[in-house]
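Peer 1: See coords.cif below, with mmCIF, N, CA and C atoms.
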data_run
#
loop_
_atom_site.label_atom_id
_atom_site.label_comp_id
_atom_site.auth_asym_id
_atom_site.auth_seq_id
_atom_site.Cartn_x
_atom_site.Cartn_y
_atom_site.Cartn_z
N GLN L 1 40.54 28.91 18.49
CA GLN L 1 39.62 27.79 18.31
C GLN L 1 40.06 26.62 19.18
N VAL L 2 39.11 25.87 19.66
CA VAL L 2 39.39 24.63 20.37
C VAL L 2 38.42 23.58 19.86
N GLN L 3 38.92 22.38 19.65
CA GLN L 3 38.08 21.28 19.19
C GLN L 3 37.86 20.32 20.36
N LEU L 4 36.63 19.83 20.47
CA LEU L 4 36.25 18.96 21.58
C LEU L 4 35.68 17.66 21.05
N VAL L 5 36.12 16.55 21.63
CA VAL L 5 35.61 15.24 21.24
C VAL L 5 35.25 14.46 22.49
N GLU L 6 33.97 14.08 22.59
CA GLU L 6 33.51 13.31 23.74
C GLU L 6 33.62 11.82 23.47
N SER L 7 33.78 11.05 24.52
CA SER L 7 33.79 9.59 24.42
C SER L 7 33.35 9.01 25.75
N GLY L 8 33.06 7.70 25.74
CA GLY L 8 32.73 7.01 26.98
C GLY L 8 31.26 6.72 27.19
N GLY L 9 30.41 7.19 26.29
CA GLY L 9 29.00 6.90 26.41
C GLY L 9 28.69 5.44 26.11
N GLY L 10 27.45 5.05 26.37
CA GLY L 10 27.05 3.68 26.10
C GLY L 10 25.76 3.32 26.80
N LEU L 11 25.48 2.03 26.84
CA LEU L 11 24.28 1.49 27.47
C LEU L 11 24.66 0.89 28.81
N VAL L 12 23.93 1.26 29.85
CA VAL L 12 24.23 0.77 31.20
C VAL L 12 22.91 0.56 31.93
N GLN L 13 22.90 -0.37 32.86
CA GLN L 13 21.71 -0.61 33.66
C GLN L 13 21.61 0.43 34.78
N ALA L 14 20.40 0.65 35.22
CA ALA L 14 20.18 1.57 36.33
C ALA L 14 21.03 1.14 37.53
N GLY L 15 21.62 2.15 38.17
CA GLY L 15 22.52 1.88 39.28
C GLY L 15 23.98 1.74 38.88
N GLY L 16 24.23 1.64 37.60
CA GLY L 16 25.58 1.47 37.10
C GLY L 16 26.33 2.79 36.97
N SER L 17 27.54 2.70 36.43
CA SER L 17 28.41 3.87 36.30
C SER L 17 28.98 3.96 34.89
N LEU L 18 29.28 5.19 34.49
CA LEU L 18 30.01 5.47 33.27
C LEU L 18 30.93 6.64 33.53
N ARG L 19 32.02 6.69 32.77
CA ARG L 19 32.92 7.84 32.85
C ARG L 19 33.07 8.42 31.46
N LEU L 20 32.58 9.64 31.29
CA LEU L 20 32.71 10.34 30.02
C LEU L 20 34.01 11.12 30.01
N SER L 21 34.62 11.19 28.82
CA SER L 21 35.83 11.98 28.63
C SER L 21 35.59 13.02 27.54
N CYS L 22 36.22 14.15 27.68
CA CYS L 22 36.20 15.20 26.67
C CYS L 22 37.65 15.57 26.38
N ALA L 23 38.08 15.28 25.15
CA ALA L 23 39.44 15.57 24.74
C ALA L 23 39.46 16.87 23.95
N ALA L 24 40.36 17.76 24.32
CA ALA L 24 40.44 19.07 23.68
C ALA L 24 41.73 19.22 22.90
N SER L 25 41.67 19.96 21.81
CA SER L 25 42.86 20.25 21.03
C SER L 25 42.73 21.64 20.41
N GLY L 26 43.84 22.23 20.07
CA GLY L 26 43.82 23.49 19.34
C GLY L 26 44.40 24.68 20.08
N ARG L 27 44.08 24.86 21.33
CA ARG L 27 44.58 26.00 22.08
C ARG L 27 44.97 25.55 23.48
N THR L 28 45.52 26.45 24.26
CA THR L 28 45.90 26.15 25.63
C THR L 28 44.64 25.85 26.44
N PHE L 29 44.47 24.61 26.77
CA PHE L 29 43.22 24.17 27.37
C PHE L 29 42.98 24.79 28.74
N SER L 30 44.02 25.10 29.45
CA SER L 30 43.86 25.68 30.79
C SER L 30 43.32 27.09 30.75
N ASN L 31 43.16 27.67 29.58
CA ASN L 31 42.54 28.99 29.45
C ASN L 31 41.03 28.91 29.29
N TYR L 32 40.48 27.69 29.34
CA TYR L 32 39.07 27.50 29.08
C TYR L 32 38.34 26.90 30.28
N ALA L 33 37.21 27.50 30.62
CA ALA L 33 36.26 26.84 31.52
C ALA L 33 35.49 25.82 30.69
N VAL L 34 35.09 24.74 31.33
CA VAL L 34 34.44 23.64 30.60
C VAL L 34 33.15 23.24 31.30
N GLY L 35 32.17 22.84 30.51
CA GLY L 35 30.91 22.37 31.06
C GLY L 35 30.45 21.11 30.36
N TRP L 36 29.65 20.34 31.06
CA TRP L 36 28.93 19.21 30.47
C TRP L 36 27.44 19.56 30.45
N PHE L 37 26.81 19.30 29.32
CA PHE L 37 25.38 19.48 29.15
C PHE L 37 24.79 18.17 28.64
N ARG L 38 23.48 18.06 28.73
CA ARG L 38 22.82 16.89 28.15
C ARG L 38 21.49 17.29 27.54
N GLN L 39 21.08 16.49 26.56
CA GLN L 39 19.82 16.76 25.89
C GLN L 39 19.10 15.44 25.64
N ALA L 40 17.95 15.30 26.25
CA ALA L 40 17.11 14.13 26.05
C ALA L 40 16.13 14.43 24.92
N PRO L 41 15.59 13.39 24.27
CA PRO L 41 14.66 13.62 23.16
C PRO L 41 13.48 14.49 23.58
N GLY L 42 13.21 15.52 22.79
CA GLY L 42 12.08 16.38 23.06
C GLY L 42 12.29 17.39 24.16
N LYS L 43 13.49 17.45 24.70
CA LYS L 43 13.78 18.37 25.82
C LYS L 43 14.87 19.35 25.45
N GLU L 44 14.94 20.42 26.23
CA GLU L 44 15.99 21.42 26.04
C GLU L 44 17.34 20.86 26.53
N ARG L 45 18.40 21.40 25.95
CA ARG L 45 19.73 21.04 26.43
C ARG L 45 19.93 21.69 27.80
N GLU L 46 20.36 20.89 28.76
CA GLU L 46 20.46 21.39 30.13
C GLU L 46 21.87 21.22 30.69
N PHE L 47 22.21 22.12 31.59
CA PHE L 47 23.50 22.09 32.27
C PHE L 47 23.56 20.90 33.21
N VAL L 48 24.70 20.21 33.20
CA VAL L 48 24.92 19.09 34.09
C VAL L 48 26.00 19.42 35.13
N ALA L 49 27.15 19.89 34.64
CA ALA L 49 28.25 20.20 35.56
C ALA L 49 29.24 21.11 34.85
N GLY L 50 29.95 21.91 35.63
CA GLY L 50 30.95 22.81 35.06
C GLY L 50 32.17 22.88 35.95
N ILE L 51 33.29 23.29 35.35
CA ILE L 51 34.54 23.36 36.08
C ILE L 51 35.32 24.56 35.61
N SER L 52 35.99 25.22 36.53
CA SER L 52 36.75 26.43 36.21
C SER L 52 38.03 26.09 35.45
N ARG L 53 38.72 27.12 35.01
CA ARG L 53 39.92 26.95 34.17
C ARG L 53 40.93 25.99 34.75
N VAL L 54 41.26 26.17 36.01
CA VAL L 54 42.31 25.34 36.59
C VAL L 54 41.75 24.23 37.46
N GLY L 55 40.43 24.09 37.46
CA GLY L 55 39.79 22.97 38.12
C GLY L 55 39.55 23.13 39.60
N THR L 56 39.73 24.35 40.11
CA THR L 56 39.58 24.53 41.55
C THR L 56 38.12 24.66 41.98
N ILE L 57 37.27 25.09 41.06
CA ILE L 57 35.87 25.30 41.38
C ILE L 57 35.01 24.46 40.45
N THR L 58 34.02 23.77 41.03
CA THR L 58 33.07 22.99 40.24
C THR L 58 31.64 23.33 40.65
N ASN L 59 30.72 23.01 39.78
CA ASN L 59 29.30 23.24 40.02
C ASN L 59 28.53 22.08 39.38
N HIS L 60 27.65 21.46 40.13
CA HIS L 60 26.86 20.36 39.61
C HIS L 60 25.38 20.69 39.74
N ALA L 61 24.61 20.38 38.71
CA ALA L 61 23.18 20.63 38.74
C ALA L 61 22.52 19.75 39.81
N ASP L 62 21.44 20.24 40.36
CA ASP L 62 20.77 19.52 41.45
C ASP L 62 20.42 18.07 41.12
N PRO L 63 19.91 17.77 39.90
CA PRO L 63 19.52 16.37 39.61
C PRO L 63 20.68 15.38 39.65
N VAL L 64 21.92 15.87 39.54
CA VAL L 64 23.06 14.96 39.49
C VAL L 64 23.98 15.12 40.70
N LYS L 65 23.69 16.07 41.54
CA LYS L 65 24.55 16.33 42.69
C LYS L 65 24.64 15.10 43.58
N GLY L 66 25.87 14.75 43.94
CA GLY L 66 26.08 13.57 44.76
C GLY L 66 26.25 12.29 43.97
N ARG L 67 25.93 12.33 42.67
CA ARG L 67 26.08 11.15 41.81
C ARG L 67 27.13 11.35 40.72
N PHE L 68 27.20 12.56 40.18
CA PHE L 68 28.14 12.88 39.11
C PHE L 68 29.25 13.76 39.65
N THR L 69 30.45 13.61 39.07
CA THR L 69 31.58 14.45 39.45
C THR L 69 32.35 14.86 38.21
N ILE L 70 32.54 16.17 38.06
CA ILE L 70 33.35 16.68 36.96
C ILE L 70 34.78 16.91 37.46
N SER L 71 35.74 16.63 36.59
CA SER L 71 37.14 16.88 36.92
C SER L 71 37.90 17.15 35.63
N ARG L 72 39.14 17.61 35.75
CA ARG L 72 39.92 17.88 34.55
C ARG L 72 41.39 17.61 34.80
N ASP L 73 42.09 17.31 33.72
CA ASP L 73 43.53 17.12 33.73
C ASP L 73 44.09 18.02 32.63
N ASN L 74 44.51 19.21 32.98
CA ASN L 74 44.97 20.18 31.97
C ASN L 74 46.26 19.73 31.29
N ALA L 75 47.06 18.95 31.97
CA ALA L 75 48.31 18.47 31.36
C ALA L 75 48.01 17.55 30.17
N LYS L 76 46.85 16.87 30.23
CA LYS L 76 46.47 15.95 29.16
C LYS L 76 45.32 16.47 28.31
N ASN L 77 44.90 17.72 28.57
CA ASN L 77 43.79 18.34 27.81
C ASN L 77 42.52 17.49 27.87
N LEU L 78 42.19 17.04 29.07
CA LEU L 78 41.03 16.18 29.25
C LEU L 78 40.12 16.71 30.35
N VAL L 79 38.82 16.53 30.14
CA VAL L 79 37.83 16.76 31.18
C VAL L 79 36.99 15.49 31.29
N PHE L 80 36.63 15.15 32.52
CA PHE L 80 35.90 13.92 32.77
C PHE L 80 34.56 14.21 33.45
N LEU L 81 33.63 13.31 33.23
CA LEU L 81 32.38 13.33 33.99
C LEU L 81 32.16 11.91 34.50
N GLN L 82 32.41 11.71 35.78
CA GLN L 82 32.17 10.41 36.40
C GLN L 82 30.71 10.36 36.82
N MET L 83 29.99 9.36 36.31
CA MET L 83 28.56 9.25 36.56
C MET L 83 28.29 7.94 37.30
N ASN L 84 27.83 8.06 38.52
CA ASN L 84 27.50 6.89 39.35
C ASN L 84 26.01 6.86 39.65
N SER L 85 25.53 5.71 40.09
CA SER L 85 24.12 5.55 40.46
C SER L 85 23.21 6.07 39.36
N LEU L 86 23.48 5.67 38.15
CA LEU L 86 22.73 6.18 37.00
C LEU L 86 21.27 5.76 37.05
N LYS L 87 20.43 6.65 36.55
CA LYS L 87 18.98 6.44 36.53
C LYS L 87 18.49 6.51 35.08
N PRO L 88 17.36 5.91 34.78
CA PRO L 88 16.82 6.00 33.41
C PRO L 88 16.64 7.45 32.95
N GLU L 89 16.32 8.35 33.86
CA GLU L 89 16.14 9.76 33.49
C GLU L 89 17.45 10.46 33.15
N ASP L 90 18.57 9.79 33.34
CA ASP L 90 19.85 10.35 32.91
C ASP L 90 20.12 10.08 31.43
N THR L 91 19.25 9.30 30.79
CA THR L 91 19.42 8.99 29.38
C THR L 91 19.35 10.27 28.54
N ALA L 92 20.38 10.49 27.74
CA ALA L 92 20.48 11.70 26.93
C ALA L 92 21.76 11.65 26.10
N VAL L 93 21.87 12.60 25.19
CA VAL L 93 23.16 12.85 24.54
C VAL L 93 23.89 13.86 25.42
N TYR L 94 25.12 13.54 25.77
CA TYR L 94 25.92 14.38 26.63
C TYR L 94 26.96 15.14 25.80
N TYR L 95 27.02 16.45 26.04
CA TYR L 95 27.90 17.33 25.28
C TYR L 95 28.91 18.00 26.21
N CYS L 96 30.11 18.14 25.70
CA CYS L 96 31.16 18.90 26.36
C CYS L 96 31.22 20.27 25.68
N ALA L 97 31.44 21.32 26.47
CA ALA L 97 31.50 22.67 25.93
C ALA L 97 32.63 23.43 26.61
N ALA L 98 33.20 24.40 25.89
CA ALA L 98 34.31 25.18 26.43
C ALA L 98 34.12 26.66 26.17
N LYS L 99 34.63 27.45 27.11
CA LYS L 99 34.57 28.91 26.97
C LYS L 99 35.90 29.49 27.42
N ALA L 100 36.46 30.34 26.58
CA ALA L 100 37.68 31.04 26.96
C ALA L 100 37.40 31.94 28.15
N ALA L 101 38.19 31.80 29.20
CA ALA L 101 37.98 32.58 30.42
C ALA L 101 39.24 33.38 30.72
N THR L 102 39.07 34.67 30.96
CA THR L 102 40.21 35.51 31.27
C THR L 102 40.78 35.15 32.63
N ALA L 103 41.99 35.62 32.89
CA ALA L 103 42.66 35.29 34.15
C ALA L 103 41.86 35.74 35.37
N TRP L 104 41.22 36.91 35.26
CA TRP L 104 40.47 37.41 36.42
C TRP L 104 39.15 36.68 36.62
N ARG L 105 38.82 35.78 35.68
CA ARG L 105 37.66 34.90 35.86
C ARG L 105 38.10 33.44 35.93
N SER L 106 39.29 33.22 36.43
CA SER L 106 39.85 31.87 36.41
C SER L 106 39.10 30.92 37.34
N THR L 107 38.35 31.44 38.31
CA THR L 107 37.61 30.57 39.22
C THR L 107 36.12 30.51 38.88
N TYR L 108 35.76 31.06 37.74
CA TYR L 108 34.34 31.14 37.39
C TYR L 108 33.88 29.86 36.71
N VAL L 109 32.65 29.43 37.04
CA VAL L 109 32.02 28.29 36.38
C VAL L 109 30.78 28.80 35.66
N TYR L 110 30.69 28.51 34.39
CA TYR L 110 29.57 28.98 33.57
C TYR L 110 28.50 27.90 33.49
N THR L 111 27.24 28.29 33.63
CA THR L 111 26.16 27.30 33.65
C THR L 111 25.16 27.46 32.52
N GLY L 112 25.27 28.53 31.75
CA GLY L 112 24.31 28.76 30.67
C GLY L 112 24.79 28.22 29.34
N ARG L 113 23.84 27.69 28.54
CA ARG L 113 24.21 27.20 27.21
C ARG L 113 24.86 28.29 26.37
N ASN L 114 24.33 29.48 26.46
CA ASN L 114 24.81 30.58 25.62
C ASN L 114 26.14 31.15 26.11
N ASP L 115 26.60 30.70 27.26
CA ASP L 115 27.91 31.15 27.75
C ASP L 115 29.05 30.53 26.95
N TYR L 116 28.81 29.37 26.38
CA TYR L 116 29.88 28.57 25.80
C TYR L 116 30.05 28.83 24.31
N ASP L 117 31.32 28.80 23.88
CA ASP L 117 31.67 29.12 22.50
C ASP L 117 31.93 27.89 21.64
N TYR L 118 32.36 26.80 22.26
CA TYR L 118 32.75 25.62 21.52
C TYR L 118 32.05 24.40 22.10
N TRP L 119 31.63 23.51 21.18
CA TRP L 119 30.88 22.31 21.56
C TRP L 119 31.44 21.09 20.86
N GLY L 120 31.34 19.95 21.55
CA GLY L 120 31.66 18.69 20.91
C GLY L 120 30.44 18.14 20.19
N GLN L 121 30.59 16.96 19.62
CA GLN L 121 29.52 16.38 18.83
C GLN L 121 28.54 15.57 19.67
N GLY L 122 28.92 15.28 20.91
CA GLY L 122 28.04 14.57 21.81
C GLY L 122 28.29 13.08 21.86
N THR L 123 27.92 12.47 22.98
CA THR L 123 28.02 11.02 23.14
C THR L 123 26.74 10.54 23.83
N GLN L 124 26.19 9.45 23.32
CA GLN L 124 24.90 8.95 23.81
C GLN L 124 25.10 8.15 25.09
N VAL L 125 24.27 8.44 26.08
CA VAL L 125 24.21 7.65 27.31
C VAL L 125 22.79 7.13 27.44
N THR L 126 22.65 5.82 27.56
CA THR L 126 21.34 5.20 27.71
C THR L 126 21.35 4.35 28.97
N VAL L 127 20.40 4.63 29.86
CA VAL L 127 20.30 3.90 31.12
C VAL L 127 19.00 3.09 31.09
N SER L 128 19.13 1.80 31.17
CA SER L 128 17.95 0.93 31.14
C SER L 128 17.48 0.64 32.57
N SER L 129 16.17 0.45 32.69
CA SER L 129 15.59 0.20 34.02
C SER L 129 15.55 -1.28 34.33
#
Please lay out the structure from this file as C-alpha cells.

Peer 2:
Amino acid sequence: QVQLVESGGGLVQAGGSLRLSCAASGRTFSNYAVGWFRQAPGKEREFVAGISRVGTITNHADPVKGRFTISRDNAKNLVFLQMNSLKPEDTAVYYCAAKAATAWRSTYVYTGRNDYDYWGQGTQVTVSS
C-alpha cells in the first residue's frame, strides 16, 4: 500500500503559476510510477502528466505541454507538478496517482486512469480570468 497526499492548490489569476506536491508514504516510492490527473465539474477525470519510477521518462498531455512539468524526488518521496501560464480551463481538482511498476517497466509512463492503483484525495486549482 502507498498513501498519497496532494498539496499546493489554490486560486490564481490567469497567467500565474502554482506548484503542486504529492507526498507518498507506506512503501518504497521509487518502485512506483506516478501520474497527475484532473477533473473539472461535469467532466471525466483526465491525464495531465506522468513520470516513470526513477524519473527518467515523462509524458505530458497536449493541453498542458510546454506549460506544466512533472518531476520527482524519490529521496524525499515527493512528486511535483509545476504549472505555469495557467488558464481558466485548467481549473479542476488535481489528483496524484501511483502504480507499482516492475523493474523491467522502470521507464514506463502510464496514462490511463485504470492503470493506477492508488489515489490521493485531490487538491483544488482555480484559475480566474

Peer 1: Can you tell me which residues surround Trp119 (chain L) at a distance of at most 7 Å, considering only N, CA and C atoms, apart from same-chain residues fewer than 2 positions away, and format the answer as a VMD selection string?

Peer 2: chain L and resid 2 to 5 95 to 98 116 to 117 121 to 122

Peer 1: Decode the PyMOL selection byres ((chain L and resi 36) around 6) for the given file into explicit residues and return them as a PyMOL selection string.

Peer 2: chain L and resi 34-35+37-38+46-50+95-97

Peer 1: Could you write out that same residue set with N, CA and C atoms as an mmCIF file, in the coordinates of the input?

Peer 2:
data_model
loop_
_atom_site.group_PDB
_atom_site.id
_atom_site.type_symbol
_atom_site.label_atom_id
_atom_site.label_comp_id
_atom_site.auth_asym_id
_atom_site.auth_seq_id
_atom_site.Cartn_x
_atom_site.Cartn_y
_atom_site.Cartn_z
ATOM 1 N N VAL L 34 35.090 24.740 31.330
ATOM 2 C CA VAL L 34 34.440 23.640 30.600
ATOM 3 C C VAL L 34 33.150 23.240 31.300
ATOM 4 N N GLY L 35 32.170 22.840 30.510
ATOM 5 C CA GLY L 35 30.910 22.370 31.060
ATOM 6 C C GLY L 35 30.450 21.110 30.360
ATOM 7 N N PHE L 37 26.810 19.300 29.320
ATOM 8 C CA PHE L 37 25.380 19.480 29.150
ATOM 9 C C PHE L 37 24.790 18.170 28.640
ATOM 10 N N ARG L 38 23.480 18.060 28.730
ATOM 11 C CA ARG L 38 22.820 16.890 28.150
ATOM 12 C C ARG L 38 21.490 17.290 27.540
ATOM 13 N N GLU L 46 20.360 20.890 28.760
ATOM 14 C CA GLU L 46 20.460 21.390 30.130
ATOM 15 C C GLU L 46 21.870 21.220 30.690
ATOM 16 N N PHE L 47 22.210 22.120 31.590
ATOM 17 C CA PHE L 47 23.500 22.090 32.270
ATOM 18 C C PHE L 47 23.560 20.900 33.210
ATOM 19 N N VAL L 48 24.700 20.210 33.200
ATOM 20 C CA VAL L 48 24.920 19.090 34.090
ATOM 21 C C VAL L 48 26.000 19.420 35.130
ATOM 22 N N ALA L 49 27.150 19.890 34.640
ATOM 23 C CA ALA L 49 28.250 20.200 35.560
ATOM 24 C C ALA L 49 29.240 21.110 34.850
ATOM 25 N N GLY L 50 29.950 21.910 35.630
ATOM 26 C CA GLY L 50 30.950 22.810 35.060
ATOM 27 C C GLY L 50 32.170 22.880 35.950
ATOM 28 N N TYR L 95 27.020 16.450 26.040
ATOM 29 C CA TYR L 95 27.900 17.330 25.280
ATOM 30 C C TYR L 95 28.910 18.000 26.210
ATOM 31 N N CYS L 96 30.110 18.140 25.700
ATOM 32 C CA CYS L 96 31.160 18.900 26.360
ATOM 33 C C CYS L 96 31.220 20.270 25.680
ATOM 34 N N ALA L 97 31.440 21.320 26.470
ATOM 35 C CA ALA L 97 31.500 22.670 25.930
ATOM 36 C C ALA L 97 32.630 23.430 26.610
#

Peer 1: Using the chain letters and numbers from this file, what does the PyMOL selection byres ((chain L and resi 24) around 8) select? Give the answer as a list in words.

Peer 2: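 So the PyMOL selection byres ((chain L and resi 24) around 8) ends up selecting Val2, Gln3, Leu4, Val5, Glu6, Ser21, Cys22, Ala23, Ser25, Gly26, Arg27, Phe29, Lys76, Asn77, Leu78 and Val79 of chain L.
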
Peer 1: Which residues in chain L does DSSP call strand (DSSP E or B)? List them as a PyMOL selection string.

Peer 2: chain L and resi 3-7+10-13+18-25+32-39+46-51+58-60+68-73+78-83+92-100+118-119+123-128

Peer 1: Check what the PyMOL selection byres ((chain L and resi 124) around 7) selects in the file above and give those residues as a PyMOL selection string.

Peer 2: chain L and resi 8-11+92-94+122-123+125-126

Peer 1: Figure out the distance between atom C of Asn31 (chain L) and CA of Lys99 (chain L), please, to one decimal in Å.

Peer 2: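 Between CA of Lys99 (chain L) and atom C of Asn31 (chain L) the gap is 6.9 Å.
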
Peer 1: Output as lines of an AutoDock Vina configuration file the centre and edge lengths (Å, one decimal) of the box along x, y and z of the file that holds every listed atom of region 67-79 of chain L after adding 5 Å on each side.

Peer 2:
center_x = 37.1
center_y = 15.7
center_z = 35.2
size_x = 32.4
size_y = 19.0
size_z = 24.9

Peer 1: Taking the DSSP assignment computed from this structure's backbone, write out as number ranges by chain all residues of chain L that belong to helix (DSSP H, G or I).

Peer 2: L: 29-31, 62-64, 74-76, 88-90, 103-105, 113-115

Peer 1: Just need region 48-66 of chain L in a file, please: N, CA, C and O atoms, as a PDB file, in the first residue's frame.

Peer 2:
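File produced: selection.pdb:
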ATOM      1  N   VAL L  48      -2.978  14.280 -16.994  1.00  0.00           N
ATOM      2  CA  VAL L  48      -2.268  15.532 -17.152  1.00  0.00           C
ATOM      3  C   VAL L  48      -0.776  15.283 -17.436  1.00  0.00           C
ATOM      4  O   VAL L  48      -0.220  15.807 -18.403  1.00  0.00           O
ATOM      5  N   ALA L  49      -0.151  14.476 -16.584  1.00  0.00           N
ATOM      6  CA  ALA L  49       1.279  14.205 -16.757  1.00  0.00           C
ATOM      7  C   ALA L  49       1.639  12.951 -15.982  1.00  0.00           C
ATOM      8  O   ALA L  49       0.982  12.611 -14.995  1.00  0.00           O
ATOM      9  N   GLY L  50       2.678  12.263 -16.444  1.00  0.00           N
ATOM     10  CA  GLY L  50       3.135  11.056 -15.762  1.00  0.00           C
ATOM     11  C   GLY L  50       4.644  10.982 -15.758  1.00  0.00           C
ATOM     12  O   GLY L  50       5.314  11.609 -16.595  1.00  0.00           O
ATOM     13  N   ILE L  51       5.178  10.207 -14.823  1.00  0.00           N
ATOM     14  CA  ILE L  51       6.617  10.085 -14.692  1.00  0.00           C
ATOM     15  C   ILE L  51       6.959   8.659 -14.308  1.00  0.00           C
ATOM     16  O   ILE L  51       6.240   8.005 -13.552  1.00  0.00           O
ATOM     17  N   SER L  52       8.050   8.154 -14.849  1.00  0.00           N
ATOM     18  CA  SER L  52       8.458   6.779 -14.594  1.00  0.00           C
ATOM     19  C   SER L  52       9.031   6.626 -13.184  1.00  0.00           C
ATOM     20  O   SER L  52       9.235   7.615 -12.472  1.00  0.00           O
ATOM     21  N   ARG L  53       9.312   5.390 -12.814  1.00  0.00           N
ATOM     22  CA  ARG L  53       9.763   5.074 -11.451  1.00  0.00           C
ATOM     23  C   ARG L  53      10.926   5.919 -10.987  1.00  0.00           C
ATOM     24  O   ARG L  53      10.926   6.461  -9.882  1.00  0.00           O
ATOM     25  N   VAL L  54      11.945   6.026 -11.807  1.00  0.00           N
ATOM     26  CA  VAL L  54      13.133   6.757 -11.368  1.00  0.00           C
ATOM     27  C   VAL L  54      13.204   8.151 -11.956  1.00  0.00           C
ATOM     28  O   VAL L  54      14.187   8.863 -11.762  1.00  0.00           O
ATOM     29  N   GLY L  55      12.151   8.551 -12.657  1.00  0.00           N
ATOM     30  CA  GLY L  55      12.045   9.924 -13.126  1.00  0.00           C
ATOM     31  C   GLY L  55      12.741  10.228 -14.424  1.00  0.00           C
ATOM     32  O   GLY L  55      12.848  11.396 -14.803  1.00  0.00           O
ATOM     33  N   THR L  56      13.191   9.184 -15.129  1.00  0.00           N
ATOM     34  CA  THR L  56      13.931   9.437 -16.360  1.00  0.00           C
ATOM     35  C   THR L  56      13.027   9.732 -17.548  1.00  0.00           C
ATOM     36  O   THR L  56      13.452  10.366 -18.513  1.00  0.00           O
ATOM     37  N   ILE L  57      11.791   9.257 -17.476  1.00  0.00           N
ATOM     38  CA  ILE L  57      10.861   9.433 -18.586  1.00  0.00           C
ATOM     39  C   ILE L  57       9.617  10.151 -18.086  1.00  0.00           C
ATOM     40  O   ILE L  57       9.080   9.815 -17.036  1.00  0.00           O
ATOM     41  N   THR L  58       9.173  11.160 -18.844  1.00  0.00           N
ATOM     42  CA  THR L  58       7.945  11.869 -18.518  1.00  0.00           C
ATOM     43  C   THR L  58       7.050  11.959 -19.748  1.00  0.00           C
ATOM     44  O   THR L  58       7.506  11.800 -20.891  1.00  0.00           O
ATOM     45  N   ASN L  59       5.782  12.216 -19.498  1.00  0.00           N
ATOM     46  CA  ASN L  59       4.795  12.359 -20.566  1.00  0.00           C
ATOM     47  C   ASN L  59       3.797  13.422 -20.114  1.00  0.00           C
ATOM     48  O   ASN L  59       3.292  13.346 -18.991  1.00  0.00           O
ATOM     49  N   HIS L  60       3.545  14.399 -20.963  1.00  0.00           N
ATOM     50  CA  HIS L  60       2.600  15.456 -20.644  1.00  0.00           C
ATOM     51  C   HIS L  60       1.495  15.484 -21.685  1.00  0.00           C
ATOM     52  O   HIS L  60       1.761  15.383 -22.887  1.00  0.00           O
ATOM     53  N   ALA L  61       0.264  15.653 -21.237  1.00  0.00           N
ATOM     54  CA  ALA L  61      -0.862  15.726 -22.157  1.00  0.00           C
ATOM     55  C   ALA L  61      -0.745  16.973 -23.029  1.00  0.00           C
ATOM     56  O   ALA L  61      -0.202  17.993 -22.600  1.00  0.00           O
ATOM     57  N   ASP L  62      -1.287  16.893 -24.219  1.00  0.00           N
ATOM     58  CA  ASP L  62      -1.162  18.007 -25.168  1.00  0.00           C
ATOM     59  C   ASP L  62      -1.642  19.351 -24.620  1.00  0.00           C
ATOM     60  O   ASP L  62      -0.988  20.375 -24.844  1.00  0.00           O
ATOM     61  N   PRO L  63      -2.782  19.407 -23.889  1.00  0.00           N
ATOM     62  CA  PRO L  63      -3.265  20.717 -23.415  1.00  0.00           C
ATOM     63  C   PRO L  63      -2.309  21.422 -22.447  1.00  0.00           C
ATOM     64  O   PRO L  63      -2.428  22.644 -22.243  1.00  0.00           O
ATOM     65  N   VAL L  64      -1.389  20.672 -21.830  1.00  0.00           N
ATOM     66  CA  VAL L  64      -0.505  21.281 -20.838  1.00  0.00           C
ATOM     67  C   VAL L  64       0.957  21.267 -21.281  1.00  0.00           C
ATOM     68  O   VAL L  64       1.819  21.825 -20.588  1.00  0.00           O
ATOM     69  N   LYS L  65       1.229  20.670 -22.407  1.00  0.00           N
ATOM     70  CA  LYS L  65       2.607  20.559 -22.876  1.00  0.00           C
ATOM     71  C   LYS L  65       3.213  21.945 -23.066  1.00  0.00           C
ATOM     72  O   LYS L  65       2.594  22.838 -23.656  1.00  0.00           O
ATOM     73  N   GLY L  66       4.410  22.113 -22.529  1.00  0.00           N
ATOM     74  CA  GLY L  66       5.075  23.406 -22.619  1.00  0.00           C
ATOM     75  C   GLY L  66       4.735  24.355 -21.487  1.00  0.00           C
ATOM     76  O   GLY L  66       5.397  25.385 -21.318  1.00  0.00           O
TER      77      GLY L  66
END
